[in-house]
>>> print(open('my_file_20.cif').read())   # mmCIF, C-alpha atoms and all ligand atoms
data_coords
loop_
_atom_site.label_atom_id
_atom_site.label_comp_id
_atom_site.auth_asym_id
_atom_site.auth_seq_id
_atom_site.Cartn_x
_atom_site.Cartn_y
_atom_site.Cartn_z
CA MET G 1283 18.24 9.30 -23.07
CA LYS G 1284 18.76 8.08 -19.47
CA ILE G 1285 15.72 8.97 -17.39
CA LEU G 1286 15.27 8.51 -13.64
CA VAL G 1287 11.94 8.69 -11.82
CA GLN G 1288 12.26 9.81 -8.19
CA LYS G 1289 9.23 9.82 -5.88
CA PHE G 1290 9.17 11.66 -2.55
CA GLY G 1291 6.57 11.02 0.17
CA GLY G 1292 4.75 13.40 2.51
CA THR G 1293 7.47 13.79 5.15
CA SER G 1294 10.06 14.46 2.43
CA VAL G 1295 8.14 17.54 1.23
CA ALA G 1296 6.65 18.57 4.60
CA ASP G 1297 8.48 21.91 4.76
CA LEU G 1298 11.23 23.95 3.13
CA ASP G 1299 14.02 22.22 5.06
CA ALA G 1300 12.82 18.77 3.98
CA MET G 1301 12.41 19.97 0.39
CA LYS G 1302 16.05 21.07 0.40
CA HIS G 1303 17.00 17.41 0.99
CA VAL G 1304 14.77 16.52 -1.97
CA LEU G 1305 16.58 19.14 -4.06
CA GLY G 1306 19.89 17.45 -3.17
CA LYS G 1307 18.58 14.05 -4.32
CA VAL G 1308 17.32 15.51 -7.61
CA GLN G 1309 20.69 17.18 -8.20
CA LYS G 1310 22.37 13.80 -7.60
CA GLY G 1311 19.91 12.18 -10.01
CA LEU G 1312 20.78 14.74 -12.67
CA ALA G 1313 24.49 14.04 -12.21
CA THR G 1314 24.01 10.42 -13.33
CA HIS G 1315 20.99 10.72 -15.66
CA ASP G 1316 20.04 13.01 -18.55
CA LYS G 1317 16.60 13.79 -17.17
CA VAL G 1318 14.69 13.33 -13.91
CA ILE G 1319 10.95 12.99 -13.40
CA VAL G 1320 10.05 13.91 -9.83
CA VAL G 1321 6.76 12.59 -8.43
CA LEU G 1322 5.58 14.23 -5.22
CA SER G 1323 3.02 13.42 -2.53
CA ALA G 1324 1.08 16.03 -0.62
CA ARG G 1325 2.91 17.53 2.37
CA ALA G 1326 2.59 15.30 5.47
CA GLY G 1327 -0.88 15.68 6.97
CA ASP G 1328 -2.39 17.66 4.06
CA THR G 1329 -4.36 14.74 2.56
CA ASN G 1330 -5.88 13.93 5.96
CA LYS G 1331 -6.82 17.60 6.46
CA LEU G 1332 -8.51 17.73 3.06
CA LEU G 1333 -10.44 14.51 3.76
CA ALA G 1334 -11.57 15.93 7.12
CA LEU G 1335 -12.65 19.13 5.39
CA ALA G 1336 -14.88 17.16 3.00
CA GLN G 1337 -16.47 15.45 6.04
CA GLN G 1338 -17.23 18.85 7.60
CA TRP G 1339 -19.13 19.88 4.48
CA SER G 1340 -21.00 16.68 3.80
CA ALA G 1341 -21.98 13.56 5.75
CA ALA G 1342 -21.34 11.48 2.62
CA PRO G 1343 -19.11 13.56 0.32
CA ASP G 1344 -19.63 13.06 -3.40
CA LYS G 1345 -16.78 10.80 -4.46
CA ALA G 1346 -15.81 12.73 -7.60
CA GLU G 1347 -15.82 16.07 -5.75
CA SER G 1348 -13.88 14.51 -2.88
CA ASP G 1349 -11.17 13.48 -5.36
CA CYS G 1350 -11.20 16.95 -6.90
CA LEU G 1351 -10.56 18.37 -3.41
CA VAL G 1352 -8.13 15.80 -2.02
CA SER G 1353 -5.90 15.80 -5.11
CA THR G 1354 -5.00 19.45 -4.49
CA GLY G 1355 -2.50 18.48 -1.80
CA GLU G 1356 -0.12 17.22 -4.48
CA GLN G 1357 -0.66 20.37 -6.57
CA VAL G 1358 0.68 22.47 -3.68
CA SER G 1359 3.80 20.28 -3.39
CA ILE G 1360 4.73 20.31 -7.08
CA ALA G 1361 4.29 24.07 -7.44
CA LEU G 1362 6.42 24.83 -4.37
CA PHE G 1363 9.13 22.34 -5.29
CA THR G 1364 9.35 23.54 -8.90
CA MET G 1365 9.93 27.09 -7.58
CA LEU G 1366 12.83 25.72 -5.55
CA LEU G 1367 14.29 23.92 -8.59
CA LYS G 1368 14.10 27.03 -10.74
CA ASP G 1369 15.65 29.21 -8.03
CA ASN G 1370 18.55 26.74 -8.09
CA GLY G 1371 19.07 27.08 -11.83
CA ILE G 1372 17.38 23.82 -12.88
CA SER G 1373 15.06 23.93 -15.87
CA ALA G 1374 11.79 22.44 -14.66
CA ARG G 1375 8.01 22.62 -14.85
CA SER G 1376 5.16 21.15 -12.88
CA LEU G 1377 2.57 18.75 -14.32
CA LEU G 1378 -0.87 17.77 -13.07
CA SER G 1379 -2.31 14.44 -14.20
CA TRP G 1380 -4.61 15.98 -16.84
CA GLN G 1381 -1.70 17.85 -18.42
CA ILE G 1382 0.04 14.58 -19.42
CA PRO G 1383 -2.56 12.90 -19.19
CA ILE G 1384 -2.38 9.99 -16.74
CA GLN G 1385 -5.66 8.37 -17.68
CA THR G 1386 -7.57 6.26 -15.16
CA ASN G 1387 -10.92 4.53 -14.85
CA ASP G 1388 -13.69 6.31 -12.91
CA ASP G 1389 -13.43 4.38 -9.65
CA PHE G 1390 -13.14 7.61 -7.64
CA GLY G 1391 -11.00 7.27 -4.53
CA ASN G 1392 -9.39 4.08 -5.78
CA ALA G 1393 -8.88 4.62 -9.51
CA ARG G 1394 -6.66 2.45 -11.70
CA ILE G 1395 -4.21 3.84 -14.24
CA LEU G 1396 -5.16 2.81 -17.77
CA ASP G 1397 -2.74 4.80 -19.89
CA ILE G 1398 0.01 7.42 -19.74
CA ASP G 1399 0.78 9.60 -22.75
CA ARG G 1400 4.53 9.04 -22.96
CA ASP G 1401 4.84 11.20 -26.09
CA THR G 1402 3.93 14.31 -24.07
CA LEU G 1403 6.59 13.42 -21.53
CA TYR G 1404 9.30 12.83 -24.15
CA LYS G 1405 8.34 16.08 -25.90
CA LEU G 1406 8.52 18.09 -22.66
CA LEU G 1407 11.84 16.49 -21.76
CA GLU G 1408 13.29 18.15 -24.89
CA SER G 1409 12.72 21.51 -23.14
CA TYR G 1410 13.16 20.69 -19.43
CA ASP G 1411 15.65 18.69 -17.38
CA VAL G 1412 13.14 17.99 -14.62
CA LEU G 1413 9.39 17.42 -14.79
CA THR G 1414 7.63 17.62 -11.44
CA VAL G 1415 4.50 15.45 -11.54
CA ALA G 1416 1.66 15.38 -9.00
CA GLY G 1417 1.39 11.88 -7.56
CA PHE G 1418 -1.82 10.16 -6.42
CA GLN G 1419 -4.02 11.66 -9.14
CA GLY G 1420 -5.33 10.78 -12.58
CA VAL G 1421 -8.01 11.90 -14.99
CA THR G 1422 -10.89 9.97 -16.54
CA GLN G 1423 -11.70 9.92 -20.22
CA ASP G 1424 -14.38 12.55 -19.62
CA LYS G 1425 -11.86 14.75 -17.80
CA ARG G 1426 -12.83 14.18 -14.16
CA ILE G 1427 -10.03 14.15 -11.59
CA THR G 1428 -9.49 10.86 -9.75
CA THR G 1429 -7.24 9.64 -6.94
CA LEU G 1430 -5.50 6.27 -6.77
CA GLY G 1431 -6.13 5.31 -3.11
CA ARG G 1432 -4.12 6.22 0.00
CA GLY G 1433 -0.39 5.94 -0.60
CA GLY G 1434 -1.04 6.03 -4.36
CA SER G 1435 1.84 8.34 -5.30
CA ASP G 1436 4.13 5.29 -5.31
CA THR G 1437 1.93 3.87 -8.06
CA SER G 1438 2.07 7.11 -10.05
CA ALA G 1439 5.87 6.94 -9.95
CA VAL G 1440 6.26 3.29 -10.94
CA ALA G 1441 3.63 3.65 -13.68
CA LEU G 1442 5.55 6.62 -15.12
CA ALA G 1443 8.79 4.62 -15.03
CA ALA G 1444 7.01 1.71 -16.73
CA ALA G 1445 5.69 4.02 -19.46
CA LEU G 1446 9.18 5.28 -20.32
CA ASP G 1447 11.88 3.12 -21.90
CA SER G 1448 14.24 1.31 -19.48
CA CYS G 1449 13.65 3.86 -16.79
CA GLU G 1450 14.73 3.31 -13.17
CA CYS G 1451 12.55 4.27 -10.22
CA GLU G 1452 13.58 5.45 -6.76
CA ILE G 1453 10.98 5.77 -3.97
CA TYR G 1454 12.24 8.14 -1.28
CA THR G 1455 10.61 8.00 2.15
CA ASP G 1456 11.32 8.48 5.88
CA VAL G 1457 13.03 5.10 6.45
CA ASP G 1458 16.20 3.67 4.87
CA GLY G 1459 14.43 1.00 2.83
CA VAL G 1460 12.20 -2.03 3.21
CA TYR G 1461 12.75 -3.64 6.61
CA THR G 1462 11.97 -7.13 7.88
CA THR G 1463 9.05 -5.46 9.66
CA ASP G 1464 7.90 -1.92 10.41
CA PRO G 1465 11.00 -0.32 12.04
CA ASN G 1466 8.72 2.09 13.86
CA ILE G 1467 7.23 -0.69 15.99
CA CYS G 1468 10.09 -3.20 16.19
CA SER G 1469 13.55 -1.88 16.99
CA ALA G 1470 15.09 -5.22 16.01
CA ALA G 1471 13.89 -4.81 12.39
CA ARG G 1472 16.64 -5.10 9.78
CA LYS G 1473 16.85 -3.34 6.46
CA MET G 1474 16.85 -5.75 3.51
CA ASP G 1475 19.28 -5.16 0.62
CA CYS G 1476 16.80 -6.64 -1.81
CA VAL G 1477 13.35 -8.17 -1.76
CA SER G 1478 11.47 -10.04 -4.50
CA TYR G 1479 8.43 -8.57 -6.20
CA GLU G 1480 6.35 -11.50 -4.87
CA GLU G 1481 7.39 -10.93 -1.24
CA MET G 1482 6.93 -7.18 -1.54
CA LEU G 1483 3.44 -7.73 -2.98
CA GLU G 1484 2.49 -9.85 0.03
CA LEU G 1485 4.14 -7.43 2.50
CA ALA G 1486 2.28 -4.48 0.95
CA SER G 1487 -1.06 -6.26 0.75
CA MET G 1488 -0.70 -7.46 4.35
CA GLY G 1489 -0.21 -3.91 5.65
CA ALA G 1490 3.42 -2.78 5.14
CA LYS G 1491 2.56 0.66 3.85
CA VAL G 1492 6.13 1.46 2.77
CA LEU G 1493 4.99 0.76 -0.82
CA HIS G 1494 1.49 1.05 -2.29
CA ILE G 1495 0.47 -2.42 -3.45
CA ARG G 1496 -0.37 -1.38 -6.98
CA SER G 1497 3.08 0.16 -7.42
CA VAL G 1498 4.55 -3.29 -6.80
CA GLU G 1499 2.10 -4.87 -9.27
CA PHE G 1500 3.22 -2.38 -11.93
CA ALA G 1501 6.88 -2.92 -11.12
CA LYS G 1502 6.51 -6.69 -11.40
CA LYS G 1503 4.45 -6.60 -14.59
CA TYR G 1504 6.69 -4.14 -16.44
CA LYS G 1505 9.96 -5.32 -14.81
CA VAL G 1506 10.78 -1.92 -13.34
CA PRO G 1507 13.56 -2.14 -10.75
CA VAL G 1508 12.43 -0.08 -7.76
CA ARG G 1509 14.80 1.17 -5.08
CA VAL G 1510 13.29 2.29 -1.76
CA ARG G 1511 15.54 4.82 -0.01
CA SER G 1512 15.55 7.58 2.58
CA THR G 1513 15.44 11.25 1.59
CA PHE G 1514 17.46 12.02 4.69
CA SER G 1515 20.43 9.62 4.35
CA ASP G 1516 22.81 8.24 1.70
CA ASP G 1517 21.98 4.61 2.41
CA PRO G 1518 21.62 2.62 -0.85
CA GLY G 1519 18.22 1.37 0.38
CA THR G 1520 16.39 -1.77 -0.77
CA LEU G 1521 16.09 -3.02 -4.33
CA VAL G 1522 12.71 -4.57 -5.18
CA THR G 1523 13.47 -6.96 -8.00
CA LYS G 1524 12.81 -10.37 -9.50
CA GLU G 1525 13.33 -13.43 -7.36
CA ASP G 1526 16.67 -15.24 -7.43
CA ALA G 1527 17.78 -18.56 -6.01
CA SER G 1528 19.38 -17.05 -2.88
CA MET G 1529 16.03 -15.60 -1.78
CA GLU G 1530 14.51 -19.09 -1.53
CA ALA G 1531 17.05 -19.99 1.13
CA VAL G 1532 15.38 -17.61 3.57
CA LEU G 1533 12.32 -19.16 5.18
CA VAL G 1534 10.58 -15.97 6.32
CA SER G 1535 11.77 -12.62 5.04
CA GLY G 1536 9.28 -10.25 6.62
CA ILE G 1537 6.45 -9.72 9.09
CA ALA G 1538 3.57 -7.36 8.32
CA TYR G 1539 0.56 -6.24 10.33
CA ASP G 1540 -2.74 -4.57 9.57
CA LYS G 1541 -5.03 -2.98 12.13
CA ASP G 1542 -7.66 -2.07 9.57
CA GLN G 1543 -9.69 -5.21 10.27
CA ALA G 1544 -13.18 -5.96 11.53
CA ARG G 1545 -14.63 -9.42 12.17
CA VAL G 1546 -18.23 -10.42 11.47
CA THR G 1547 -19.86 -13.70 12.57
CA LEU G 1548 -23.17 -15.05 11.31
CA ARG G 1549 -24.61 -17.64 13.72
CA ASP G 1550 -26.58 -20.83 13.04
CA LEU G 1551 -26.83 -20.66 9.26
CA PRO G 1552 -28.43 -23.66 7.59
CA ASP G 1553 -25.59 -25.84 6.28
CA ILE G 1554 -26.95 -26.26 2.76
CA PRO G 1555 -25.59 -25.53 -0.72
CA GLY G 1556 -25.91 -21.83 -1.58
CA THR G 1557 -25.53 -20.34 1.92
CA ALA G 1558 -22.03 -18.94 1.35
CA ALA G 1559 -23.02 -17.55 -2.06
CA ALA G 1560 -26.06 -15.88 -0.46
CA VAL G 1561 -23.79 -14.21 2.13
CA PHE G 1562 -20.85 -13.14 -0.04
CA GLY G 1563 -22.68 -12.37 -3.30
CA PRO G 1564 -24.42 -9.20 -2.00
CA LEU G 1565 -21.17 -8.04 -0.35
CA SER G 1566 -19.18 -8.25 -3.57
CA GLU G 1567 -22.02 -6.57 -5.52
CA LYS G 1568 -21.74 -3.60 -3.14
CA GLY G 1569 -17.94 -3.49 -3.52
CA VAL G 1570 -17.06 -4.84 -0.04
CA LEU G 1571 -13.78 -6.75 -0.10
CA VAL G 1572 -13.87 -9.78 2.18
CA ASP G 1573 -10.48 -10.89 3.45
CA MET G 1574 -10.38 -13.99 5.69
CA ILE G 1575 -13.26 -16.49 5.87
CA ILE G 1576 -13.94 -19.43 8.22
CA GLN G 1577 -16.91 -21.79 8.13
CA ASN G 1578 -17.31 -23.96 11.24
CA THR G 1579 -18.13 -27.66 11.07
CA SER G 1580 -21.82 -28.41 10.89
CA GLN G 1581 -23.85 -29.12 14.06
CA ASP G 1582 -27.46 -30.30 13.68
CA GLY G 1583 -27.41 -29.05 10.10
CA HIS G 1584 -26.32 -25.56 11.14
CA THR G 1585 -23.01 -23.72 10.98
CA ASP G 1586 -21.37 -20.34 11.77
CA ILE G 1587 -19.54 -18.27 9.15
CA THR G 1588 -16.95 -15.71 10.26
CA PHE G 1589 -15.19 -13.25 7.95
CA THR G 1590 -13.17 -10.05 8.07
CA VAL G 1591 -13.55 -6.76 6.20
CA SER G 1592 -11.84 -3.39 6.35
CA ARG G 1593 -13.12 -1.29 9.29
CA ARG G 1594 -14.46 1.41 7.00
CA ASP G 1595 -16.61 -1.23 5.26
CA LEU G 1596 -18.10 -2.54 8.54
CA PRO G 1597 -21.22 -0.30 8.65
CA LYS G 1598 -22.06 -1.19 5.04
CA THR G 1599 -21.37 -4.89 5.73
CA LEU G 1600 -23.65 -4.95 8.79
CA GLU G 1601 -26.39 -3.15 6.88
CA ILE G 1602 -26.22 -5.73 4.08
CA MET G 1603 -26.17 -8.64 6.55
CA GLN G 1604 -29.21 -7.25 8.41
CA SER G 1605 -31.07 -6.91 5.14
CA ILE G 1606 -30.47 -10.56 4.17
CA SER G 1607 -30.44 -12.15 7.65
CA GLU G 1608 -33.96 -13.51 7.36
CA LYS G 1609 -33.35 -14.92 3.89
CA ILE G 1610 -30.11 -16.65 4.92
CA GLY G 1611 -31.56 -17.75 8.27
CA ALA G 1612 -28.90 -16.32 10.62
CA SER G 1613 -29.92 -16.39 14.31
CA GLU G 1614 -27.44 -13.64 15.23
CA ILE G 1615 -24.95 -11.23 13.61
CA LEU G 1616 -21.93 -10.45 15.78
CA HIS G 1617 -19.02 -8.11 15.10
CA ASP G 1618 -15.69 -7.09 16.64
CA VAL G 1619 -13.46 -4.18 15.61
CA ASN G 1620 -10.72 -4.83 18.15
CA VAL G 1621 -8.89 -7.27 15.91
CA ALA G 1622 -5.78 -7.07 13.73
CA LYS G 1623 -3.84 -9.44 11.54
CA VAL G 1624 -0.15 -10.35 11.49
CA SER G 1625 1.48 -12.11 8.57
CA ALA G 1626 4.78 -13.92 8.06
CA ILE G 1627 5.95 -13.80 4.43
CA GLY G 1628 8.75 -15.58 2.56
CA VAL G 1629 9.30 -17.33 -0.76
CA GLY G 1630 11.30 -19.95 1.17
CA MET G 1631 8.00 -21.26 2.61
CA ARG G 1632 7.30 -22.94 -0.73
CA ASN G 1633 9.86 -25.62 0.04
CA HIS G 1634 9.54 -25.92 3.81
CA SER G 1635 6.82 -27.28 6.03
CA GLY G 1636 6.25 -26.47 9.69
CA VAL G 1637 6.38 -22.69 9.40
CA ALA G 1638 2.75 -22.27 10.45
CA ALA G 1639 3.18 -24.58 13.46
CA ARG G 1640 6.23 -22.58 14.62
CA ALA G 1641 4.25 -19.35 14.39
CA PHE G 1642 1.28 -20.77 16.32
CA THR G 1643 3.50 -22.21 19.06
CA ALA G 1644 5.38 -18.93 19.52
CA LEU G 1645 2.18 -16.90 19.85
CA THR G 1646 0.54 -19.43 22.16
CA GLN G 1647 3.56 -19.43 24.49
CA GLU G 1648 2.98 -15.70 24.99
CA GLY G 1649 -0.72 -16.27 25.69
CA ILE G 1650 -1.92 -14.74 22.43
CA ASN G 1651 -5.16 -16.33 21.28
CA ILE G 1652 -5.44 -17.11 17.56
CA LEU G 1653 -8.83 -16.07 16.17
CA MET G 1654 -8.48 -16.92 12.49
CA ILE G 1655 -5.81 -18.30 10.18
CA SER G 1656 -5.27 -18.13 6.44
CA THR G 1657 -2.32 -19.34 4.40
CA SER G 1658 -1.00 -19.07 0.87
CA GLU G 1659 2.09 -20.45 -0.81
CA ILE G 1660 4.39 -17.78 0.62
CA LYS G 1661 2.37 -16.36 3.54
CA ILE G 1662 0.69 -17.20 6.86
CA THR G 1663 -1.81 -14.72 8.25
CA ILE G 1664 -3.16 -14.84 11.78
CA LEU G 1665 -6.00 -12.75 13.18
CA ILE G 1666 -5.58 -11.78 16.85
CA GLN G 1667 -6.88 -9.21 19.34
CA GLU G 1668 -5.60 -5.77 18.31
CA LYS G 1669 -4.00 -5.10 21.70
CA TYR G 1670 -1.47 -7.87 21.05
CA VAL G 1671 -0.46 -6.86 17.54
CA GLU G 1672 2.85 -5.15 18.34
CA LEU G 1673 3.86 -7.97 20.68
CA ALA G 1674 2.93 -10.56 18.05
CA VAL G 1675 5.03 -8.80 15.41
CA ARG G 1676 8.06 -8.82 17.71
CA ILE G 1677 7.54 -12.49 18.69
CA LEU G 1678 7.27 -13.67 15.07
CA HIS G 1679 10.22 -11.49 14.06
CA ASP G 1680 12.32 -13.17 16.73
CA THR G 1681 10.94 -16.69 16.09
CA PHE G 1682 11.95 -16.62 12.43
CA GLY G 1683 15.45 -15.29 13.17
CA LEU G 1684 14.91 -11.85 11.69
CA ASP G 1685 16.19 -9.88 14.70
CA TRP G 1686 19.44 -7.97 14.55
CA ASP G 1687 22.32 -10.18 15.53
CA ILE G 1688 23.55 -8.22 18.54
CA ALA G 1689 26.20 -10.72 19.64
P1 LIG G 1701 5.68 8.15 2.47
O1 LIG G 1701 4.86 9.25 3.03
O2 LIG G 1701 7.10 8.53 2.21
O3 LIG G 1701 5.03 7.49 1.28
P2 LIG G 1701 4.74 6.03 4.20
O4 LIG G 1701 4.34 6.50 5.55
O5 LIG G 1701 3.66 5.77 3.21
O6 LIG G 1701 5.79 7.07 3.62
O7 LIG G 1701 5.64 4.70 4.29
C1 LIG G 1701 6.78 4.68 5.12
C2 LIG G 1701 6.43 4.03 6.45
O8 LIG G 1701 6.09 2.66 6.22
C3 LIG G 1701 7.56 3.95 7.43
O9 LIG G 1701 7.69 5.14 8.18
C4 LIG G 1701 7.20 2.74 8.29
O10 LIG G 1701 6.61 3.11 9.52
C5 LIG G 1701 6.15 2.00 7.48
N1 LIG G 1701 6.49 0.58 7.28
C6 LIG G 1701 5.63 -0.47 7.52
N2 LIG G 1701 6.22 -1.63 7.26
C7 LIG G 1701 7.48 -1.36 6.83
C8 LIG G 1701 8.58 -2.16 6.38
N3 LIG G 1701 8.50 -3.49 6.33
N4 LIG G 1701 9.72 -1.53 6.02
C9 LIG G 1701 9.81 -0.18 6.04
N5 LIG G 1701 8.82 0.63 6.47
C10 LIG G 1701 7.65 0.07 6.84
N1 LIG G 1702 -1.09 12.09 -0.43
C1 LIG G 1702 -1.69 10.77 -0.62
C2 LIG G 1702 -1.91 10.10 0.72
O1 LIG G 1702 -1.62 10.66 1.76
C3 LIG G 1702 -0.91 9.91 -1.55
C4 LIG G 1702 0.48 9.52 -1.09
O2 LIG G 1702 1.01 10.11 -0.14
O3 LIG G 1702 1.06 8.62 -1.70
O4 LIG G 1702 -2.42 9.00 0.77
MG MG G 1703 3.47 6.09 1.16
#
>>> encode(input="my_file_20.cif", output="structure tokens")
Amino acid sequence: MKILVQKFGGTSVADLDAMKHVLGKVQKGLATHDKVIVVLSARAGDTNKLLALAQQWSAAPDKAESDCLVSTGEQVSIALFTMLLKDNGISARSLLSWQIPIQTNDDFGNARILDIDRDTLYKLLESYDVLTVAGFQGVTQDKRITTLGRGGSDTSAVALAAALDSCECEIYTDVDGVYTTDPNICSAARKMDCVSYEEMLELASMGAKVLHIRSVEFAKKYKVPVRVRSTFSDDPGTLVTKEDASMEAVLVSGIAYDKDQARVTLRDLPDIPGTAAAVFGPLSEKGVLVDMIIQNTSQDGHTDITFTVSRRDLPKTLEIMQSISEKIGASEILHDVNVAKVSAIGVGMRNHSGVAARAFTALTQEGINILMISTSEIKITILIQEKYVELAVRILHDTFGLDWDIA
């Protein structure tokens, strides 16, 4: 049985007109496959409205109840779309996560998929041509509803494709595919025909929200070919697939940016063994993810440590740092939320030196001050003032020859 998983994002299901485009894509899917599993997001804006509603009711909404509320956005989409399918003569039914089930752990708001009951899906596919599944949600072993983190419907879709035998996965969105950078901020961005799992992982983790990072992890682990396409065009889109030799020839394949950054500096810490552990241990115990870290060279036995966290984790981070400041001996705790990071990503960096220097020179020539740097085998990340982020993306895009050739 040839099965196709098609996922449609918020703008694709925003209203009846958009859903008619989705209907067309599902009909095309059924023309080439025996069965289609459709995974839907909430209608554009609905998840934000539900999150705001929870905030109106409670200063610190209970996480499990927040998931119970926020997951309803997807329920609305699947019910409405299944009506449309049936009115068009397609045999279909909707499915919430608990009806399959898509089992997750109990990390509410950021749950991980542990298991999907594929037997239920195969059984239902004997009776229906299309199953319409609510994205973004799962259920714990003791039957509580969870959500998978913002943008998590991509992960629902790829996990479903991974659970079924040799199943393809299409992610439909509001752009034609994966671009060399966000096409909404850089008009010179180019659509890529294909991108490796490794590069897509880095792009997604560095802020390119076109795919949820965990969807790429699933795709890589279970070798699911994922095609990112537009609901509103016939463009073949971008294939996310395993690396091949031709990809190595390209030095930098994409630029990503992330404005969800806050910088914290601890001043005049004693430069002795155990200081870093005393700072970062309590943060990791409280679930704060630290991103970039710099420790300055020692002066008179003292040093500064600077690190970045997500902006939503800043209040918690500052609270923890205040509580341990005496113990760790910090003279001052400083913070800055007006920062953002830009990253250049490419598997070709493995075999080439000088990429970082080119990036620094290009930014410096435009007067952009570099606040922090981190590198990995296939990525350079630079922290800068937030007001320069769009300019920095365009400069790096141009520097590494990613702009459209408009000759
Ligand atoms: P959906 O609601 O369909 O899941 P998202 O808003 O989550 O859509 O993701 C699509 C958006 O991702 C695009 O509109 C675009 O602004 C943004 N984006 C960021 N980086 C990239 C990139 N490299 N390629 C394509 N889109 C990108
Ligand atoms: N509706 C959820 C969100 O807005 C999940 C998704 O769209 O993928 O984050
Ligand atoms: Mg998305």
>>> closest_residue(input="my_file_20.cif", among="G:Glu1567, G:Glu1525, G:Asp1685, G:Asp1582", to="Leu1551 in chain G", atoms="only C-alpha atoms")
G:Asp1582
>>> residues_around(input="my_file_20.cif", residues="range 1434-1437 of chain G", least_positions_apart="5", cutoff="6 Å", atoms="all atoms listed in the file", output="list in words")
Ser1323, Gly1417, Phe1418, His1494, Arg1496 and Ser1497 of chain G
>>> residues_around(input="my_file_20.cif", residues="Ala1644 in chain G", least_positions_apart="2", cutoff="8 Å", atoms="only C-alpha atoms", output="MDAnalysis selection string")
chainID G and resid 1640:1642 1646:1648 1677:1678 1681
>>> residues_near_ligand(input="my_file_20.cif", ligand="ligand LIG 1701 (chain G)", cutoff="9 Å", atoms="all atoms listed in the file", output="PyMOL selection string")
chain G and resi 1289-1294+1323-1326+1432-1436+1453-1467+1471-1474+1482+1485-1486+1489-1494+1510+1512-1513+1536-1539
>>> residues_around(input="my_file_20.cif", residues="Glu1668 in chain G", least_positions_apart="6", cutoff="12 Å", atoms="all atoms listed in the file", output="PyMOL selection string")
chain G and resi 1539-1545+1618-1624+1650-1653+1674-1675
>>> closest_residue(input="my_file_20.cif", among="G:Leu1351, G:Leu1378, G:Val1304, G:Ile1495", to="ligand MG 1703 (chain G)", atoms="only C-alpha atoms and all ligand atoms")
G:Ile1495
>>> axis_aligned_box(input="my_file_20.cif", around="range 1283-1295 of chain G", padding_each_side="8 Å", output="AutoDock Vina command-line options")
--center_x 11.8 --center_y 12.8 --center_z -9.0 --size_x 30.0 --size_y 25.5 --size_z 44.2
>>> residues_around(input="my_file_20.cif", residues="range 1568-1579 of chain G", least_positions_apart="6", cutoff="12 Å", atoms="all atoms listed in the file", output="NGL selection string")
:G and (1389 or 1392 or 1487-1488 or 1540 or 1542-1553 or 1557-1558 or 1561-1562 or 1585-1603 or 1622-1623 or 1653-1658 or 1662-1665)
>>> closest_residue(input="my_file_20.cif", among="G:Ile1606, G:Val1508, G:Leu1367, G:Val1421", to="His1303 in chain G", atoms="all atoms listed in the file")
G:Leu1367
>>> closest_residue(input="my_file_20.cif", among="G:Gly1431, G:Gly1519, G:Pro1343, G:Gly1420", to="ligand LIG 1702 (chain G)", atoms="all atoms listed in the file")
G:Gly1431
>>> residues_around(input="my_file_20.cif", residues="Asp1328 in chain G", least_positions_apart="5", cutoff="9 Å", atoms="all atoms listed in the file", output="ChimeraX atom specification")
/G:1292,1333,1352,1355-1356
>>> atom_distance(input="my_file_20.cif", atom1="CA of Ala1341 in chain G", atom2="CA of Gly1391 in chain G")
16.3 Å
>>> closest_residue(input="my_file_20.cif", among="G:Thr1429, G:Ser1373, G:Gln1338, G:Gln1581", to="ligand LIG 1702 (chain G)", atoms="all atoms listed in the file")
G:Thr1429
